[in-house]
>>> print(open('my_file.txt').read())   # compact mmCIF, C-alpha atoms and all ligand atoms
# COMPACT_ATOMS: atom_id res chain seq x y z
CA MET A 126 0.00 0.00 0.00
CA ASP A 127 1.19 3.47 -0.85
CA ASN A 128 1.31 5.72 2.18
CA SER A 129 0.62 8.78 0.10
CA VAL A 130 -2.96 7.57 -0.39
CA LEU A 131 -3.38 7.56 3.37
CA ASP A 132 -5.49 10.46 4.35
CA ILE A 133 -3.89 11.69 7.56
CA SER A 134 -6.31 14.58 8.05
CA GLY A 135 -9.19 12.22 7.31
CA ILE A 136 -7.94 9.90 10.04
CA ARG A 137 -7.63 12.80 12.45
CA ASN A 138 -11.17 13.86 11.65
CA GLY A 139 -12.36 10.34 12.36
CA ASP A 140 -13.35 9.63 8.76
CA ILE A 141 -14.30 5.93 8.85
CA ARG A 142 -12.76 5.03 5.50
CA ALA A 143 -9.50 6.76 6.34
CA VAL A 144 -9.37 5.06 9.76
CA SER A 145 -10.08 1.65 8.22
CA GLY A 146 -7.35 2.18 5.65
CA ALA A 147 -4.86 3.04 8.38
CA LEU A 148 -5.80 -0.03 10.40
CA SER A 149 -5.39 -2.24 7.35
CA LEU A 150 -1.91 -0.83 6.91
CA VAL A 151 -1.16 -1.51 10.56
CA GLU A 152 -2.29 -5.12 10.07
CA SER A 153 -0.49 -5.88 6.86
CA GLY A 154 1.86 -3.08 5.85
CA SER A 155 5.64 -3.33 5.89
CA PRO A 156 7.46 -2.16 9.01
CA GLY A 157 8.65 0.96 7.17
CA GLN A 158 5.15 1.91 6.01
CA ILE A 159 3.73 1.45 9.48
CA LEU A 160 6.44 3.64 11.00
CA GLU A 161 5.70 6.36 8.46
CA LEU A 162 2.04 6.26 9.32
CA LEU A 163 2.82 6.47 13.02
CA GLN A 164 5.16 9.37 12.44
CA SER A 165 2.14 11.46 11.44
CA LEU A 166 -0.27 10.13 14.06
CA HIS A 167 1.76 9.53 17.19
CA PRO A 168 1.83 13.17 18.31
CA PHE A 169 -1.96 13.22 18.42
CA SER A 170 -2.43 9.92 20.23
CA GLY A 171 -2.12 8.76 23.82
CA LYS A 172 -4.98 10.62 25.39
CA SER A 173 -7.55 7.84 25.16
CA ARG A 174 -8.57 5.58 27.99
CA VAL A 175 -7.78 1.98 27.12
CA LEU A 176 -9.70 -0.85 28.74
CA GLY A 177 -8.66 -4.46 28.17
CA VAL A 178 -11.32 -7.17 28.45
CA THR A 179 -10.15 -10.74 28.57
CA GLY A 180 -11.48 -14.08 29.75
CA SER A 181 -12.40 -17.52 28.53
CA PRO A 182 -14.33 -18.13 25.29
CA GLY A 183 -18.03 -17.43 25.58
CA ALA A 184 -17.77 -15.74 28.99
CA GLY A 185 -19.73 -12.77 27.66
CA LYS A 186 -16.86 -10.41 26.87
CA SER A 187 -18.47 -8.94 23.74
CA THR A 188 -21.82 -8.52 25.47
CA LEU A 189 -20.06 -6.70 28.32
CA VAL A 190 -18.04 -4.56 25.93
CA GLU A 191 -21.25 -3.60 24.18
CA GLN A 192 -22.81 -2.59 27.50
CA LEU A 193 -19.77 -0.55 28.47
CA ALA A 194 -19.61 1.08 25.04
CA ARG A 195 -23.25 2.14 25.41
CA ARG A 196 -22.36 3.98 28.61
CA TYR A 197 -19.23 5.57 27.21
CA ILE A 198 -20.76 6.85 23.96
CA CYS A 199 -22.92 9.18 26.01
CA SER A 200 -19.83 11.35 26.45
CA GLU A 201 -17.26 10.29 23.85
CA LYS A 202 -16.49 8.28 20.72
CA VAL A 203 -15.70 4.63 21.40
CA GLY A 204 -13.33 2.35 19.50
CA ILE A 205 -13.58 -1.41 19.95
CA LEU A 206 -10.87 -3.85 18.91
CA ALA A 207 -11.61 -7.55 19.11
CA VAL A 208 -8.29 -9.34 19.00
CA ASP A 209 -8.73 -12.88 17.86
CA PRO A 210 -5.84 -15.26 18.36
CA THR A 211 -7.36 -18.10 16.36
CA SER A 212 -9.00 -16.87 13.19
CA PRO A 213 -6.99 -16.36 10.02
CA PHE A 214 -6.19 -12.87 8.81
CA SER A 215 -9.32 -10.81 8.73
CA GLY A 216 -8.01 -8.71 5.88
CA GLY A 217 -9.77 -5.74 7.33
CA ALA A 218 -13.08 -7.45 7.99
CA PHE A 219 -15.35 -4.99 9.68
CA LEU A 220 -16.86 -7.49 12.07
CA GLY A 221 -15.30 -10.78 13.04
CA ASP A 222 -17.23 -13.82 14.17
CA ARG A 223 -16.34 -13.13 17.74
CA VAL A 224 -17.81 -9.67 17.85
CA ARG A 225 -21.53 -9.84 17.92
CA MET A 226 -22.43 -6.29 18.69
CA GLN A 227 -25.11 -5.75 16.08
CA GLY A 228 -26.78 -3.26 18.34
CA LEU A 229 -23.79 -0.97 18.03
CA SER A 230 -22.41 -1.50 14.57
CA THR A 231 -24.56 1.17 12.96
CA ASP A 232 -23.79 3.89 15.51
CA PRO A 233 -21.41 6.44 13.94
CA ARG A 234 -19.85 7.23 17.32
CA ILE A 235 -18.56 3.68 17.53
CA TYR A 236 -15.88 1.97 15.52
CA ILE A 237 -15.64 -1.83 15.79
CA ARG A 238 -12.89 -3.85 14.25
CA SER A 239 -11.52 -7.35 14.67
CA MET A 240 -7.84 -8.12 14.32
CA ALA A 241 -6.44 -11.60 13.92
CA THR A 242 -3.18 -12.69 15.46
CA ARG A 243 -2.44 -15.85 13.53
CA GLY A 244 0.40 -15.52 11.09
CA HIS A 245 2.27 -12.94 13.08
CA VAL A 246 5.61 -14.09 14.38
CA GLY A 247 5.98 -12.97 17.95
CA GLY A 248 2.36 -12.12 18.48
CA LEU A 249 0.34 -9.14 17.50
CA ALA A 250 1.13 -6.90 20.42
CA PRO A 251 2.88 -4.20 18.36
CA SER A 252 0.04 -4.05 15.82
CA VAL A 253 -2.56 -3.77 18.53
CA ILE A 254 -0.65 -0.90 20.09
CA ASP A 255 -0.41 0.73 16.65
CA ALA A 256 -4.13 0.25 16.10
CA LEU A 257 -4.75 1.97 19.42
CA THR A 258 -2.51 4.83 18.31
CA VAL A 259 -4.53 5.22 15.10
CA LEU A 260 -7.87 5.15 16.92
CA SER A 261 -6.64 7.52 19.58
CA ALA A 262 -5.40 10.01 16.97
CA ALA A 263 -8.79 9.66 15.25
CA GLY A 264 -10.47 10.97 18.38
CA TYR A 265 -11.79 7.78 19.94
CA ALA A 266 -11.46 8.73 23.58
CA SER A 267 -12.51 5.32 24.91
CA LEU A 268 -10.82 2.26 23.54
CA LEU A 269 -12.02 -1.22 24.46
CA VAL A 270 -9.86 -4.21 23.54
CA GLU A 271 -11.47 -7.63 23.74
CA THR A 272 -9.27 -10.69 23.63
CA VAL A 273 -9.63 -14.35 24.53
CA GLY A 274 -7.27 -15.00 27.40
CA ALA A 275 -5.64 -17.93 25.71
CA GLY A 276 -1.93 -17.38 25.81
CA GLN A 277 1.08 -15.19 26.31
CA ASP A 278 0.34 -13.03 23.26
CA GLU A 279 -2.97 -12.03 24.71
CA VAL A 280 -1.37 -11.27 28.03
CA ASP A 281 1.13 -9.03 26.23
CA ILE A 282 -1.64 -7.26 24.36
CA ILE A 283 -3.61 -6.60 27.47
CA ARG A 284 -0.60 -5.12 29.20
CA ALA A 285 -0.95 -2.14 26.92
CA ALA A 286 -4.30 -1.40 28.54
CA GLY A 287 -4.68 1.10 31.33
CA VAL A 288 -7.14 -1.12 33.15
CA THR A 289 -7.83 -4.80 32.53
CA LEU A 290 -10.99 -6.75 33.24
CA VAL A 291 -10.88 -10.51 33.57
CA VAL A 292 -14.29 -12.00 32.83
CA LEU A 293 -15.24 -15.28 34.48
CA VAL A 294 -18.54 -17.15 34.76
CA PRO A 295 -20.01 -19.12 37.67
CA GLY A 296 -19.19 -22.78 37.92
CA MET A 297 -15.83 -22.68 36.20
CA GLY A 298 -13.97 -24.38 39.05
CA ASP A 299 -11.10 -26.19 37.38
CA ASP A 300 -11.05 -23.63 34.61
CA ILE A 301 -10.12 -20.94 37.07
CA GLN A 302 -7.23 -23.11 38.20
CA ALA A 303 -6.15 -23.63 34.61
CA ILE A 304 -6.19 -19.98 33.60
CA LYS A 305 -4.83 -18.53 36.80
CA ALA A 306 -1.23 -18.77 35.68
CA GLY A 307 -1.94 -16.78 32.55
CA ILE A 308 -4.48 -14.16 33.33
CA MET A 309 -5.21 -14.05 37.04
CA GLU A 310 -2.32 -11.73 37.67
CA ILE A 311 -3.24 -9.28 34.95
CA GLY A 312 -6.77 -8.65 36.23
CA ASP A 313 -7.32 -5.25 37.80
CA ILE A 314 -11.01 -6.00 38.14
CA PHE A 315 -12.65 -9.42 38.10
CA VAL A 316 -16.09 -9.75 36.61
CA ILE A 317 -18.32 -12.69 37.40
CA ASN A 318 -20.58 -12.43 34.39
CA LYS A 319 -23.68 -14.60 33.86
CA SER A 320 -24.35 -14.12 37.56
CA ASP A 321 -27.95 -15.03 36.79
CA ARG A 322 -26.61 -18.57 36.94
CA GLU A 323 -25.91 -20.85 39.90
CA GLY A 324 -22.61 -20.86 41.73
CA VAL A 325 -21.74 -17.15 41.94
CA GLU A 326 -20.71 -17.34 45.60
CA GLN A 327 -18.53 -20.37 45.00
CA THR A 328 -16.79 -18.61 42.10
CA ARG A 329 -16.30 -15.49 44.18
CA ARG A 330 -14.62 -17.56 46.91
CA GLU A 331 -12.36 -19.23 44.36
CA ILE A 332 -11.28 -15.91 42.90
CA GLU A 333 -10.68 -14.49 46.38
CA ALA A 334 -8.58 -17.49 47.30
CA LEU A 335 -6.42 -17.08 44.21
CA LEU A 336 -6.13 -13.33 44.69
CA SER A 337 -4.91 -13.84 48.23
CA LEU A 338 -1.95 -15.74 46.80
CA ALA A 339 -1.17 -13.26 44.06
CA ASP A 340 1.04 -10.22 44.29
CA VAL A 341 -0.95 -7.08 44.83
CA THR A 342 -0.30 -4.60 42.01
CA ALA A 343 0.74 -1.26 43.43
CA GLY A 344 -1.48 -1.49 46.48
CA TRP A 345 -4.63 -2.20 44.46
CA THR A 346 -6.83 -5.10 45.56
CA PRO A 347 -8.87 -6.12 42.50
CA PRO A 348 -12.58 -5.86 43.19
CA ILE A 349 -14.93 -8.62 42.09
CA VAL A 350 -18.03 -7.34 40.31
CA GLU A 351 -21.07 -9.47 39.46
CA THR A 352 -22.83 -8.74 36.18
CA VAL A 353 -25.50 -10.02 33.84
CA ALA A 354 -24.28 -8.54 30.59
CA THR A 355 -27.41 -9.52 28.68
CA THR A 356 -29.65 -7.39 30.92
CA GLY A 357 -27.18 -4.73 32.03
CA GLU A 358 -27.37 -5.71 35.67
CA GLY A 359 -24.20 -4.74 37.55
CA ILE A 360 -22.88 -2.55 34.74
CA ASP A 361 -23.18 0.63 36.83
CA GLU A 362 -21.05 -0.99 39.54
CA LEU A 363 -18.59 -2.13 36.91
CA VAL A 364 -18.31 1.35 35.38
CA SER A 365 -17.56 2.88 38.77
CA ALA A 366 -15.06 0.14 39.63
CA ILE A 367 -13.27 0.95 36.35
CA ASP A 368 -13.30 4.68 37.16
CA ASP A 369 -11.93 4.07 40.65
CA CYS A 370 -9.19 1.85 39.34
CA ARG A 371 -8.23 4.31 36.63
CA SER A 372 -8.06 7.25 39.05
CA TYR A 373 -6.01 5.24 41.49
CA PHE A 374 -3.54 4.11 38.82
CA LEU A 375 -3.21 7.67 37.58
CA SER A 376 -2.60 9.02 41.06
CA ILE A 377 0.17 6.57 41.93
CA GLY A 378 1.90 6.63 38.54
CA GLU A 379 0.88 3.07 37.61
CA ALA A 380 -0.82 4.26 34.41
CA ARG A 381 2.40 5.82 33.19
CA LYS A 382 4.42 2.80 34.25
CA ARG A 383 2.20 0.56 32.11
CA GLU A 384 2.42 2.87 29.16
CA PHE A 385 6.15 2.89 29.53
CA SER A 386 6.44 -0.89 29.52
CA ALA A 387 4.03 -1.28 26.60
CA HIS A 388 6.05 1.24 24.58
CA ARG A 389 9.29 -0.37 25.53
CA GLU A 390 8.09 -3.75 24.32
CA TRP A 391 6.69 -2.15 21.19
CA LEU A 392 9.99 -0.42 20.47
CA GLU A 393 12.03 -3.59 20.93
CA ARG A 394 9.81 -5.58 18.60
CA ARG A 395 9.56 -2.93 15.89
CA LEU A 396 13.30 -2.32 16.09
CA SER A 397 14.03 -6.02 15.63
CA GLU A 398 11.66 -6.18 12.68
CA GLU A 399 13.19 -3.14 11.07
CA ILE A 400 16.71 -4.47 11.47
CA MET A 401 15.76 -7.88 10.06
CA ASP A 402 13.88 -6.29 7.19
CA ARG A 403 16.81 -4.11 6.20
CA PHE A 404 19.35 -6.85 6.67
CA TRP A 405 17.63 -9.30 4.35
CA ARG A 406 16.89 -6.63 1.78
CA GLN A 407 20.53 -5.58 1.63
CA LEU A 408 22.19 -8.96 1.68
CA GLU A 409 22.70 -10.26 -1.84
CA PRO A 410 21.54 -13.88 -2.20
CA ALA A 411 24.72 -14.70 -4.13
CA HIS A 412 26.77 -13.68 -1.17
CA LEU A 413 24.79 -15.86 1.18
CA GLN A 414 25.16 -18.79 -1.25
CA GLU A 415 28.89 -18.31 -1.49
CA THR A 416 29.28 -18.18 2.28
CA VAL A 417 27.27 -21.39 2.68
CA ARG A 418 29.49 -23.07 0.11
CA ARG A 419 32.61 -21.98 1.93
CA LEU A 420 31.17 -23.18 5.23
CA VAL A 421 30.44 -26.60 3.75
CA ASP A 422 33.97 -26.77 2.28
CA ARG A 423 35.45 -25.69 5.61
CA ARG A 424 37.04 -22.69 3.96
CA VAL A 425 35.47 -20.31 6.44
CA ASP A 426 34.72 -20.75 10.14
CA PRO A 427 31.21 -20.12 11.54
CA LEU A 428 32.22 -17.03 13.50
CA THR A 429 33.78 -15.31 10.49
CA ALA A 430 30.85 -16.37 8.29
CA VAL A 431 28.24 -14.82 10.58
CA ARG A 432 30.22 -11.67 11.30
CA SER A 433 31.08 -10.94 7.70
CA LEU A 434 27.49 -11.43 6.52
CA LEU A 435 26.27 -9.21 9.32
CA GLU A 436 28.69 -6.52 8.28
CA ARG A 437 27.51 -6.70 4.67
CA GLY A 438 23.82 -6.79 5.52
CA LEU A 439 24.03 -3.88 7.91
CA SER A 440 26.60 -1.85 6.03
CA LYS A 441 24.24 1.00 5.10
CA PRO A 442 23.45 3.33 7.97
CA LEU A 443 20.23 2.45 9.76
CA VAL A 444 18.27 5.63 9.48
CA GLY A 445 14.48 5.80 9.30
CA THR A 446 12.82 4.81 6.04
CA SER A 447 12.41 8.03 4.14
CA LYS A 448 9.69 8.77 1.63
CA LEU A 449 12.43 8.89 -0.99
CA GLU A 450 13.47 5.33 -0.29
CA LEU A 451 9.91 4.12 -0.63
CA GLU A 452 9.64 5.93 -3.98
CA ASN A 453 12.83 4.27 -5.19
CA GLU A 454 11.56 0.87 -4.17
CA LYS A 455 8.40 1.33 -6.14
CA GLN A 456 10.33 2.18 -9.26
CA THR A 457 12.60 -0.84 -9.09
N1 LIG B 501 -27.35 -16.00 30.85
C1 LIG B 501 -26.45 -15.11 30.45
N2 LIG B 501 -25.96 -15.19 29.20
C2 LIG B 501 -25.05 -14.29 28.82
C3 LIG B 501 -24.60 -13.26 29.67
N3 LIG B 501 -23.67 -12.52 29.04
C4 LIG B 501 -23.55 -13.05 27.80
N4 LIG B 501 -24.38 -14.12 27.65
C5 LIG B 501 -24.53 -14.97 26.48
O1 LIG B 501 -23.36 -15.75 26.32
C6 LIG B 501 -23.08 -15.95 24.93
C7 LIG B 501 -21.66 -15.53 24.63
O2 LIG B 501 -21.56 -14.12 24.79
P1 LIG B 501 -20.40 -13.26 24.10
O3 LIG B 501 -20.56 -11.88 24.59
O4 LIG B 501 -20.38 -13.49 22.63
O5 LIG B 501 -19.14 -13.95 24.76
P2 LIG B 501 -17.60 -13.73 24.41
O6 LIG B 501 -16.85 -13.94 25.66
O7 LIG B 501 -17.41 -12.45 23.71
O8 LIG B 501 -17.36 -14.93 23.40
P3 LIG B 501 -16.10 -15.18 22.46
O9 LIG B 501 -15.69 -13.85 21.90
O10 LIG B 501 -16.60 -16.13 21.43
O11 LIG B 501 -15.03 -15.77 23.34
C8 LIG B 501 -24.12 -15.16 24.17
O12 LIG B 501 -25.15 -16.04 23.77
C9 LIG B 501 -24.62 -14.16 25.18
O13 LIG B 501 -25.93 -13.75 24.93
C10 LIG B 501 -25.15 -13.21 31.00
O14 LIG B 501 -24.80 -12.36 31.83
N5 LIG B 501 -26.07 -14.16 31.33
MG MG B 502 -16.52 -12.02 21.86
>>> encode(input="my_file.txt", output="structure tokens", more="lines below")
Ligand SMILES: Nc1nc2c(ncn2[C@@H]2O[C@H](COP(=O)(O)OP(=O)(O)OP(=O)(O)O)[C@@H](O)[C@H]2O)c(=O)[nH]1
Ligand SMILES: [Mg+2]
Amino acid sequence: MDNSVLDISGIRNGDIRAVSGALSLVESGSPGQILELLQSLHPFSGKSRVLGVTGSPGAGKSTLVEQLARRYICSEKVGILAVDPTSPFSGGAFLGDRVRMQGLSTDPRIYIRSMATRGHVGGLAPSVIDALTVLSAAGYASLLVETVGAGQDEVDIIRAAGVTLVVLVPGMGDDIQAIKAGIMEIGDIFVINKSDREGVEQTRREIEALLSLADVTAGWTPPIVETVATTGEGIDELVSAIDDCRSYFLSIGEARKREFSAHREWLERRLSEEIMDRFWRQLEPAHLQETVRRLVDRRVDPLTAVRSLLERGLSKPLVGTSKLELENEKQT
């Protein structure tokens, strides 16, 4: 995709087509293109409130997100990202299978998008952070990220959030044991959704027992909120628990600490990608072939082989991809 067709002012004005185009680039553009996009948008981002919502499949995350979005759109535009670790590339699909928020999809104050993680080496965390940057620069003041709490990638993604909800349902028992290693420690607020079902008290006791073993994040004891997402019961309590948590994290510097660690991780990953990308583009295949041959014939030792290829592949100075370079690439 050519960055020059990206409509930066359209994105900033929240034009849906411009925003969608930017998110497609974030999902499938080259590292250089993504960095160029961010160069224009980053200064205008970072003011949105990001809420992560994770939990086991079918726990009611989307229904909860829809309820929360309904509250938040009263005062601001809401962006929703459903990060799906299992489905193949969505290719910019507007609504994935996992987001069933029909009630919201026609509201112009809401932008809903699903992003797939499969096919990305090292997880999608950087792309999700970039998508948040785009949406934030587009004026979406509330950003809700839904993800199935299945693995490390999802845990990484959710770390970028200011506040994280872990959604559980009554009667999970062993499931709570199974997921505790992954997501129990990232929950700032625990939601027992589907509390119209049996076993709420039992689940509450199980969560409390696990929380008593966990490290307390910055003096914050995660509250446990009961909800029925389908009817909206408990949503008021949930909204105020989120507000309390956010204010507390802001006041003690935890919000900034999280943003710092998310950006640090982002920077490390993007830097690695950029270096790899440049290295392989600069290294001539013939040179690689020749070095392999010499290795096989024992005419070069492994250390010298690796070092000399590295030197060749990284010989040009590593400055940011300029527009000029992109133009040149297109012509060749
Ligand atoms: N009884 C009851 N059903 C609920 C509640 N919340 C959600 N559901 C139902 O549970 C089903 C799954 O809800 P979703 O919101 O799609 O759950 P999810 O966690 O987003 O699901 P995945 O994204 O597929 O992991 C739907 O049929 C909802 O209507 C609740 O509080 N009580
Ligand atoms: Mg869902």
>>> closest_residue(input="my_file.txt", among="A:Leu176, A:Leu148, A:Val259, A:Val270", to="ligand MG 502 (chain B)", atoms="all atoms listed in the file")
A:Val270
>>> closest_residue(input="my_file.txt", among="A:Ala411, A:Leu435, A:Ile317, A:Ala184", to="ligand MG 502 (chain B)", atoms="only C-alpha atoms and all ligand atoms")
A:Ala184
>>> closest_residue(input="my_file.txt", among="A:Thr258, A:Thr429, A:Thr355, A:Ser267", to="A:Asp321", atoms="only C-alpha atoms")
A:Thr355
>>> closest_atom_pairs(input="my_file.txt", of="chain A", to="ligand LIG 501 (chain B)", cutoff="9 Å", atoms="only C-alpha atoms and all ligand atoms", output="CSV")
residue,atom,partner,partner_atom,distance
A:Thr179,CA,B:LIG501,O6,8.0
A:Gly180,CA,B:LIG501,O6,6.8
A:Ser181,CA,B:LIG501,O11,6.1
A:Pro182,CA,B:LIG501,O11,3.1
A:Gly183,CA,B:LIG501,O8,3.4
A:Ala184,CA,B:LIG501,O6,3.9
A:Gly185,CA,B:LIG501,O5,3.2
A:Lys186,CA,B:LIG501,O6,3.7
A:Ser187,CA,B:LIG501,O7,3.7
A:Thr188,CA,B:LIG501,O3,3.7
A:Leu189,CA,B:LIG501,O3,6.4
A:Val190,CA,B:LIG501,O3,7.9
A:Glu191,CA,B:LIG501,O3,8.3
A:Ala207,CA,B:LIG501,O9,8.0
A:Asp209,CA,B:LIG501,O9,8.1
A:Asp222,CA,B:LIG501,O10,7.6
A:Arg223,CA,B:LIG501,O9,4.3
A:Val224,CA,B:LIG501,O9,6.2
A:Arg225,CA,B:LIG501,O4,6.1
A:Met226,CA,B:LIG501,O3,8.3
A:Glu271,CA,B:LIG501,O7,7.6
A:Thr272,CA,B:LIG501,O9,7.4
A:Val273,CA,B:LIG501,O11,5.7
A:Gly274,CA,B:LIG501,O11,8.8
A:Val292,CA,B:LIG501,O6,7.9
A:Val294,CA,B:LIG501,O14,8.4
A:Ile317,CA,B:LIG501,O14,8.6
A:Asn318,CA,B:LIG501,O14,4.9
A:Lys319,CA,B:LIG501,O14,3.2
A:Ser320,CA,B:LIG501,O14,6.0
A:Asp321,CA,B:LIG501,N5,5.8
A:Arg322,CA,B:LIG501,N1,6.7
A:Glu351,CA,B:LIG501,O14,9.0
A:Thr352,CA,B:LIG501,O14,6.0
A:Val353,CA,B:LIG501,O14,3.2
A:Ala354,CA,B:LIG501,O14,4.0
A:Thr355,CA,B:LIG501,C3,4.8
A:Thr356,CA,B:LIG501,O14,7.0
A:Gly357,CA,B:LIG501,O14,8.0
A:Glu358,CA,B:LIG501,O14,8.1
>>> atom_distance(input="my_file.txt", atom1="atom CA of A:Glu201", atom2="atom CA of A:Gly287")
17.3 Å
>>> closest_residue(input="my_file.txt", among="A:Ala380, A:Ile349, A:Ala262, A:Ile400", to="A:Glu331", atoms="all atoms listed in the file")
A:Ile349
>>> closest_residue(input="my_file.txt", among="A:Ser155, A:Ser365, A:Ser239, A:Thr416", to="ligand MG 502 (chain B)", atoms="all atoms listed in the file")
A:Ser239
>>> residues_around(input="my_file.txt", residues="A:Asp255", least_positions_apart="2", cutoff="12 Å", atoms="only C-alpha atoms", output="VMD selection string")
chain A and resid 147 to 154 156 159 to 164 166 to 167 170 to 171 206 240 249 to 253 257 to 262 282 285 387 to 388 391 to 392 395
>>> closest_residue(input="my_file.txt", among="A:Tyr197, A:Arg238, A:Arg142, A:Lys172", to="ligand MG 502 (chain B)", atoms="all atoms listed in the file")
A:Arg238
>>> atom_distance(input="my_file.txt", atom1="atom CA of A:Arg383", atom2="atom CA of A:Trp345")
14.4 Å
>>> residues_around(input="my_file.txt", residues="A:Leu413", least_positions_apart="6", cutoff="10 Å", atoms="all atoms listed in the file", output="list in words")
Arg419, Ala430 and Leu434 of chain A
>>> atom_distance(input="my_file.txt", atom1="atom CA of A:Ile141", atom2="atom CA of A:Ile237")
10.5 Å
>>> decode(input="my_file.txt", residues="stretch 146-186 of chain A", atoms="C-alpha atoms", output="compact mmCIF listing (two decimals), in the first residue's frame")
# COMPACT_ATOMS: atom_id res chain seq x y z
CA GLY A 146 -7.35 2.18 5.65
CA ALA A 147 -4.86 3.04 8.38
CA LEU A 148 -5.80 -0.03 10.40
CA SER A 149 -5.39 -2.24 7.35
CA LEU A 150 -1.91 -0.83 6.91
CA VAL A 151 -1.16 -1.51 10.56
CA GLU A 152 -2.29 -5.12 10.07
CA SER A 153 -0.49 -5.88 6.86
CA GLY A 154 1.86 -3.08 5.85
CA SER A 155 5.64 -3.33 5.89
CA PRO A 156 7.46 -2.16 9.01
CA GLY A 157 8.65 0.96 7.17
CA GLN A 158 5.15 1.91 6.01
CA ILE A 159 3.73 1.45 9.48
CA LEU A 160 6.44 3.64 11.00
CA GLU A 161 5.70 6.36 8.46
CA LEU A 162 2.04 6.26 9.32
CA LEU A 163 2.82 6.47 13.02
CA GLN A 164 5.16 9.37 12.44
CA SER A 165 2.14 11.46 11.44
CA LEU A 166 -0.27 10.13 14.06
CA HIS A 167 1.76 9.53 17.19
CA PRO A 168 1.83 13.17 18.31
CA PHE A 169 -1.96 13.22 18.42
CA SER A 170 -2.43 9.92 20.23
CA GLY A 171 -2.12 8.76 23.82
CA LYS A 172 -4.98 10.62 25.39
CA SER A 173 -7.55 7.84 25.16
CA ARG A 174 -8.57 5.58 27.99
CA VAL A 175 -7.78 1.98 27.12
CA LEU A 176 -9.70 -0.85 28.74
CA GLY A 177 -8.66 -4.46 28.17
CA VAL A 178 -11.32 -7.17 28.45
CA THR A 179 -10.15 -10.74 28.57
CA GLY A 180 -11.48 -14.08 29.75
CA SER A 181 -12.40 -17.52 28.53
CA PRO A 182 -14.33 -18.13 25.29
CA GLY A 183 -18.03 -17.43 25.58
CA ALA A 184 -17.77 -15.74 28.99
CA GLY A 185 -19.73 -12.77 27.66
CA LYS A 186 -16.86 -10.41 26.87
